[in-house]
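Text of the file data.txt, holding compact mmCIF, C-alpha atoms:
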# COMPACT_ATOMS: atom_id res chain seq x y z
CA MET A 1 1.87 -9.62 23.26
CA SER A 2 2.07 -8.33 26.86
CA CYS A 3 5.87 -7.88 26.67
CA GLY A 4 5.81 -5.57 23.66
CA VAL A 5 6.24 -8.34 21.11
CA VAL A 6 3.74 -10.42 19.18
CA ASP A 7 3.70 -14.08 18.20
CA GLU A 8 3.21 -15.17 14.62
CA GLU A 9 -0.38 -16.32 15.03
CA GLU A 10 -1.43 -13.01 16.59
CA PHE A 11 0.48 -11.13 13.90
CA CYS A 12 -1.50 -12.89 11.18
CA ARG A 13 -4.78 -12.30 13.01
CA CYS A 14 -3.96 -8.58 13.19
CA CYS A 15 -3.10 -8.61 9.47
CA ARG A 16 -6.46 -10.15 8.63
CA LEU A 17 -8.23 -7.43 10.60
CA LEU A 18 -6.14 -4.69 9.01
CA LEU A 19 -7.07 -6.06 5.59
CA GLN A 20 -10.70 -6.20 6.60
CA HIS A 21 -10.68 -2.56 7.67
CA SER A 22 -8.64 -1.55 4.61
CA ASN A 23 -11.09 -3.22 2.24
CA GLY A 24 -13.92 -1.41 3.96
CA VAL A 25 -12.41 2.05 3.49
CA GLY A 26 -10.47 1.45 0.26
CA ASP A 27 -7.11 2.00 1.96
CA GLY A 28 -5.16 -0.05 -0.58
CA TRP A 29 -3.61 -2.86 1.47
CA SER A 30 -3.47 -6.36 -0.01
CA TRP A 31 -2.00 -9.74 0.87
CA GLU A 32 0.75 -11.04 -1.42
CA ALA A 33 1.20 -14.80 -1.24
CA VAL A 34 4.66 -16.20 -1.94
CA ARG A 35 4.53 -18.62 -4.84
CA GLY A 36 5.24 -22.19 -3.86
CA SER A 37 4.71 -21.63 -0.14
CA ASP A 38 2.01 -20.73 2.35
CA GLU A 39 3.81 -17.54 3.38
CA GLY A 40 3.21 -13.95 2.34
CA TYR A 41 3.18 -10.30 3.33
CA LEU A 42 1.03 -7.19 3.38
CA LYS A 43 1.59 -4.79 0.52
CA LYS A 44 0.56 -1.24 -0.34
CA THR A 45 1.62 1.01 -3.22
CA LEU A 46 0.97 4.73 -3.28
CA LEU A 47 2.09 7.97 -4.88
CA ARG A 48 3.60 10.60 -2.60
CA SER A 49 3.94 14.27 -3.35
CA VAL A 50 7.26 15.44 -1.92
CA PRO A 51 7.92 19.19 -1.41
CA ALA A 52 10.59 20.64 -3.66
CA GLU A 53 13.03 21.22 -0.81
CA ARG A 54 12.95 17.47 -0.09
CA SER A 55 12.57 16.20 -3.63
CA VAL A 56 14.98 13.82 -5.32
CA PRO A 57 17.72 15.57 -7.32
CA GLN A 58 16.89 15.41 -11.01
CA LYS A 59 19.27 14.50 -13.80
CA HIS A 60 20.11 17.12 -16.39
CA LYS A 61 22.20 17.13 -19.55
CA GLU A 62 24.71 19.86 -20.05
CA PRO A 63 24.38 21.73 -23.35
CA GLY A 64 26.51 20.08 -26.02
CA SER A 65 27.32 17.09 -23.84
CA ASP A 66 25.93 13.56 -23.57
CA SER A 67 26.96 13.27 -19.94
CA GLU A 68 24.42 13.64 -17.15
CA LYS A 69 24.73 15.20 -13.75
CA PHE A 70 22.56 15.45 -10.66
CA ASP A 71 21.03 18.71 -9.59
CA TYR A 72 22.20 19.37 -6.03
CA CYS A 73 20.91 22.94 -5.83
CA HIS A 74 18.35 22.00 -3.17
CA LEU A 75 21.09 20.42 -1.05
CA GLN A 76 23.06 23.63 -1.31
CA THR A 77 20.01 25.69 -0.39
CA GLU A 78 19.42 23.58 2.72
CA GLU A 79 23.03 24.05 3.80
CA GLN A 80 22.72 27.81 3.30
CA GLU A 81 19.59 27.90 5.42
CA LYS A 82 21.40 26.04 8.23
CA GLN A 83 24.09 28.72 8.15
CA GLY A 84 21.52 31.53 8.18
CA VAL A 85 22.52 32.74 4.73
CA ASP A 86 20.06 34.34 2.34
CA ALA A 87 20.08 31.94 -0.63
CA SER A 88 18.67 34.68 -2.86
CA SER A 89 21.54 37.07 -2.15
CA ASP A 90 23.61 38.09 -5.14
CA SER A 91 26.73 37.69 -2.99
CA LEU A 92 26.19 33.93 -3.31
CA ARG A 93 25.90 34.18 -7.08
CA PRO A 94 29.20 35.28 -8.59
CA ASP A 95 27.65 34.90 -12.02
CA ALA A 96 24.39 36.58 -11.13
CA GLU A 97 24.26 38.18 -14.54
CA GLU A 98 24.21 34.77 -16.19
CA GLU A 99 21.05 32.88 -15.39
CA ASP A 100 21.42 29.12 -14.96
CA ASP A 101 19.16 27.51 -17.54
CA GLY A 102 16.64 25.82 -15.30
CA VAL A 103 18.95 23.60 -13.23
CA CYS A 104 17.60 25.17 -10.05
CA GLY A 105 14.40 26.33 -11.62
CA ALA A 106 11.87 24.63 -9.36
CA PRO A 107 9.34 27.31 -8.42
CA ALA A 108 8.64 28.03 -4.77
CA GLY A 109 6.02 25.69 -3.35
CA SER A 110 6.45 23.11 -6.11
CA SER A 111 6.67 19.39 -5.45
CA SER A 112 7.55 16.14 -7.16
CA VAL A 113 5.63 12.85 -7.17
CA LEU A 114 7.30 9.58 -6.21
CA GLN A 115 5.97 6.03 -6.09
CA PHE A 116 6.44 4.05 -2.87
CA GLU A 117 5.79 0.33 -2.34
CA TYR A 118 5.48 -0.82 1.29
CA HIS A 119 5.61 -4.40 2.62
CA ILE A 120 4.88 -5.62 6.14
CA LEU A 121 6.55 -8.91 7.12
CA TYR A 122 6.93 -10.80 10.37
CA SER A 123 10.36 -11.29 11.93
CA CYS A 124 10.85 -14.43 13.99
CA SER A 125 14.14 -13.00 15.24
CA TYR A 126 12.53 -9.94 16.87
CA ARG A 127 8.96 -11.28 17.15
CA THR A 128 7.66 -8.06 15.66
CA PRO A 129 6.46 -6.75 12.29
CA VAL A 130 9.06 -5.22 9.97
CA LEU A 131 8.40 -2.51 7.40
CA TYR A 132 10.18 -2.93 4.05
CA PHE A 133 9.78 -0.44 1.21
CA ARG A 134 11.20 0.76 -2.08
CA ALA A 135 10.63 3.91 -4.09
CA SER A 136 11.08 5.27 -7.58
CA THR A 137 10.37 8.31 -9.70
CA LEU A 138 7.43 8.22 -12.10
CA GLU A 139 10.00 7.70 -14.87
CA GLY A 140 11.03 4.45 -13.20
CA ARG A 141 14.36 5.42 -11.65
CA SER A 142 14.87 3.67 -8.30
CA LEU A 143 15.70 5.92 -5.39
CA THR A 144 19.06 5.51 -3.68
CA LEU A 145 19.47 5.49 0.09
CA GLU A 146 20.52 9.15 -0.11
CA ASP A 147 17.38 9.94 -2.10
CA VAL A 148 15.19 8.18 0.46
CA TRP A 149 16.73 10.13 3.35
CA ARG A 150 15.84 13.34 1.51
CA THR A 151 12.16 12.35 1.45
CA VAL A 152 12.01 11.79 5.22
CA HIS A 153 10.33 14.70 6.98
CA PRO A 154 12.84 16.78 9.00
CA ASN A 155 10.85 16.09 12.17
CA TYR A 156 11.72 12.41 11.87
CA ARG A 157 15.08 12.61 10.09
CA LEU A 158 17.12 13.92 13.01
CA GLY A 159 15.81 11.28 15.39
CA LEU A 160 16.47 8.45 12.97
CA GLN A 161 19.96 9.59 12.08
CA SER A 162 20.93 9.98 15.75
CA ARG A 163 20.19 6.30 16.39
CA PRO A 164 22.04 4.23 13.75
CA LEU A 165 20.37 0.93 14.67
CA ASP A 166 16.96 2.54 14.19
CA ALA A 167 17.92 4.12 10.90
CA ILE A 168 16.72 3.30 7.42
CA THR A 169 19.02 0.66 5.96
CA GLN A 170 19.08 -1.52 2.88
CA GLN A 171 18.39 -5.23 3.04
CA GLU A 172 17.62 -8.11 0.73
CA HIS A 173 13.89 -8.77 0.73
CA PRO A 174 13.44 -12.21 2.36
CA PHE A 175 10.84 -13.36 -0.17
CA LEU A 176 11.75 -11.45 -3.33
CA GLY A 177 15.54 -11.49 -3.10
CA GLN A 178 15.64 -7.86 -4.22
CA ALA A 179 17.15 -4.80 -2.58
CA PHE A 180 14.65 -3.01 -0.31
CA PHE A 181 14.93 -0.35 2.35
CA TYR A 182 13.68 -1.15 5.82
CA LEU A 183 13.31 0.28 9.29
CA HIS A 184 15.37 -1.71 11.77
CA PRO A 185 13.04 -3.44 14.28
CA CYS A 186 15.46 -3.70 17.21
CA ARG A 187 13.60 -1.15 19.36
CA THR A 188 10.05 -2.05 18.36
CA GLU A 189 9.48 -3.94 21.60
CA GLU A 190 10.68 -0.90 23.57
CA PHE A 191 8.11 1.54 22.16
CA MET A 192 5.28 -0.99 21.87
CA LYS A 193 5.44 -2.14 25.48
CA PRO A 194 4.06 1.08 27.07
CA LEU A 195 1.46 1.36 24.32
CA LEU A 196 0.16 -2.13 25.10
CA GLN A 197 0.33 -1.46 28.84
CA MET A 198 -1.83 1.63 28.38
CA ALA A 199 -4.38 -0.42 26.47
CA ARG A 200 -4.52 -2.99 29.28
CA ASP A 201 -4.91 -0.25 31.89
CA GLN A 202 -7.86 1.11 29.90
CA ASN A 203 -9.27 -2.40 29.52
CA ARG A 204 -9.31 -2.26 25.73
CA GLN A 205 -7.84 -4.34 22.98
CA VAL A 206 -5.64 -3.05 20.19
CA ASN A 207 -4.51 -4.32 16.83
CA TYR A 208 -0.76 -4.70 17.36
CA VAL A 209 0.10 -4.34 13.66
CA LEU A 210 -2.11 -1.30 13.17
CA SER A 211 -0.81 0.42 16.31
CA TRP A 212 2.79 -0.35 15.37
CA LEU A 213 2.21 0.94 11.84
CA SER A 214 0.76 4.20 13.12
CA VAL A 215 4.11 4.83 14.86
CA VAL A 216 6.66 3.71 12.25
CA GLY A 217 4.73 4.41 9.03
CA PRO A 218 4.81 8.23 9.14
CA MET A 219 8.61 8.14 9.42
CA VAL A 220 8.76 7.00 5.80
CA GLY A 221 5.63 8.72 4.49
CA LEU A 222 3.13 5.95 5.19
CA GLU A 223 0.14 7.37 7.03
CA VAL A 224 -2.53 5.18 8.62
CA SER A 225 -6.03 6.25 7.66
CA LEU A 226 -8.19 7.69 10.42
CA GLU A 227 -10.96 5.27 9.45
CA CYS A 228 -8.71 2.29 10.20
CA LEU A 229 -7.57 3.75 13.51
CA LYS A 230 -11.20 4.19 14.56
CA GLN A 231 -11.67 0.45 14.16
CA GLN A 232 -9.04 -0.60 16.69
CA GLN A 233 -11.34 -2.96 18.55
CA LEU A 234 -10.60 -6.58 17.66
CA HIS A 235 -13.33 -9.02 16.78
CA PRO A 236 -13.04 -12.80 16.39
CA THR A 237 -12.07 -13.69 12.83
CA THR A 238 -11.38 -17.11 11.36
CA PRO A 239 -8.35 -17.61 9.07
CA GLN A 240 -10.62 -18.55 6.16
CA GLN A 241 -12.50 -15.24 6.14
CA LEU A 242 -9.75 -13.30 4.42
CA ARG A 243 -7.69 -16.23 3.12
CA VAL A 244 -4.53 -15.07 4.89
CA PRO A 245 -2.32 -18.01 5.96
CA LEU A 246 -1.18 -18.33 9.56
CA ARG A 247 2.43 -18.51 8.42
CA GLY A 248 4.21 -15.45 7.16
CA SER A 249 7.36 -15.34 9.23
CA ILE A 250 10.86 -14.44 8.17
CA GLN A 251 14.31 -14.84 9.58
CA GLN A 252 16.40 -11.72 10.01
CA PRO A 253 18.07 -11.18 6.60
CA LYS A 254 21.68 -10.29 6.10
CA THR A 255 22.68 -6.73 5.26
CA LEU A 256 23.48 -6.09 1.62
Produce structure tokens that represent the structure in this file.
Amino acid sequence: MSCGVVDEEEFCRCCRLLLQHSNGVGDGWSWEAVRGSDEGYLKKTLLRSVPAERSVPQKHKEPGSDSEKFDYCHLQTEEQEKQGVDASSDSLRPDAEEEDDGVCGAPAGSSSVLQFEYHILYSCSYRTPVLYFRASTLEGRSLTLEDVWRTVHPNYRLGLQSRPLDAITQQEHPFLGQAFFYLHPCRTEEFMKPLLQMARDQNRQVNYVLSWLSVVGPMVGLEVSLECLKQQQLHPTTPQQLRVPLRGSIQQPKTL
């Protein structure tokens, strides 16, 4: 772990401790065993409230038509803001006299609720954890890659988009064989190395998985609870205590 990476045994030990802390504070993490094998992954599902300006475009039906279209009014508003244009100006509304029936009717300060499912797996290829996730509306519609990018906070979006290999991409889940989004782990070693060096200099131990998650999680709306972060000190734990197997590795999957 001194080089910024973590071996599989240490990864599983850190997962056991994360589960232990999570169970203590009701943080929602669980271990999902893969049927027919001794492998598995950490899983957490939560509901996220996304501000209206970053919400997923909703589908609407045009009057007298069975066809559906997406509401891109928020995208247009964002573009206007970038150009310094007043979105409320009548000069941008050639048909200002005719009100649009609710297509852009989200009130200021409103938000939408989305469901996110996060998985933490181990990559043998990079010797680091990897964060997989998927998301949907409460009506059950799966979010597209474009939708997911809209939910990323602007503070993180620019940095991710400027580094393609670090960006959110779509992969086949190694265990489930389903399409998931994931954060590419190629630079995990790079940002974890100084963090681990700082811990050594301060003569303290850290939970690699928990520390890594506190860095990458917020990029996709997954915050680490303060209670868990306060319990960074590692304590000896046997594999039987939390019934988490010492094998949970994956090979780097192919891109869909």
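Note that atom CA of Ala33 of chain A and atom CA of Ile120 of chain A are 12.3 Å apart.
The spacing separating atom CA of Tyr132 of chain A from atom CA of Trp212 of chain A amounts to 13.8 Å.
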d(atom CA of Asp7 of chain A, atom CA of Arg35 of chain A) in Å: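 Separation between atom CA of Asp7 of chain A and atom CA of Arg35 of chain A: 23.5 Å.
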Within 9 Å of (16.0, -3.6, -0.2), only C-alpha atoms: residues as a ChimeraX atom specification? /A:132-134,169-173,177-182,256
Output the selection as a compact mmCIF listing (two decimals), in the frame of the given file - C-alpha atoms for each residue.
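Saved file again06.txt follows:
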# COMPACT_ATOMS: atom_id res chain seq x y z
CA TYR A 132 10.18 -2.93 4.05
CA PHE A 133 9.78 -0.44 1.21
CA ARG A 134 11.20 0.76 -2.08
CA THR A 169 19.02 0.66 5.96
CA GLN A 170 19.08 -1.52 2.88
CA GLN A 171 18.39 -5.23 3.04
CA GLU A 172 17.62 -8.11 0.73
CA HIS A 173 13.89 -8.77 0.73
CA GLY A 177 15.54 -11.49 -3.10
CA GLN A 178 15.64 -7.86 -4.22
CA ALA A 179 17.15 -4.80 -2.58
CA PHE A 180 14.65 -3.01 -0.31
CA PHE A 181 14.93 -0.35 2.35
CA TYR A 182 13.68 -1.15 5.82
CA LEU A 256 23.48 -6.09 1.62
List as number ranges by chain: which residues have an atom within 10 Å of (4.5, -10.6, 16.0), counting all atoms listed in the file? A: 1, 4-14, 121-130, 208-209, 249
Can you pull out the residues contacting Val25 of chain A? Cut-off 8 Å, using all atoms listed in the file, and skip same-chain residues under 4 positions away; I want them as a PyMOL selection string. chain A and resi 21+227-228
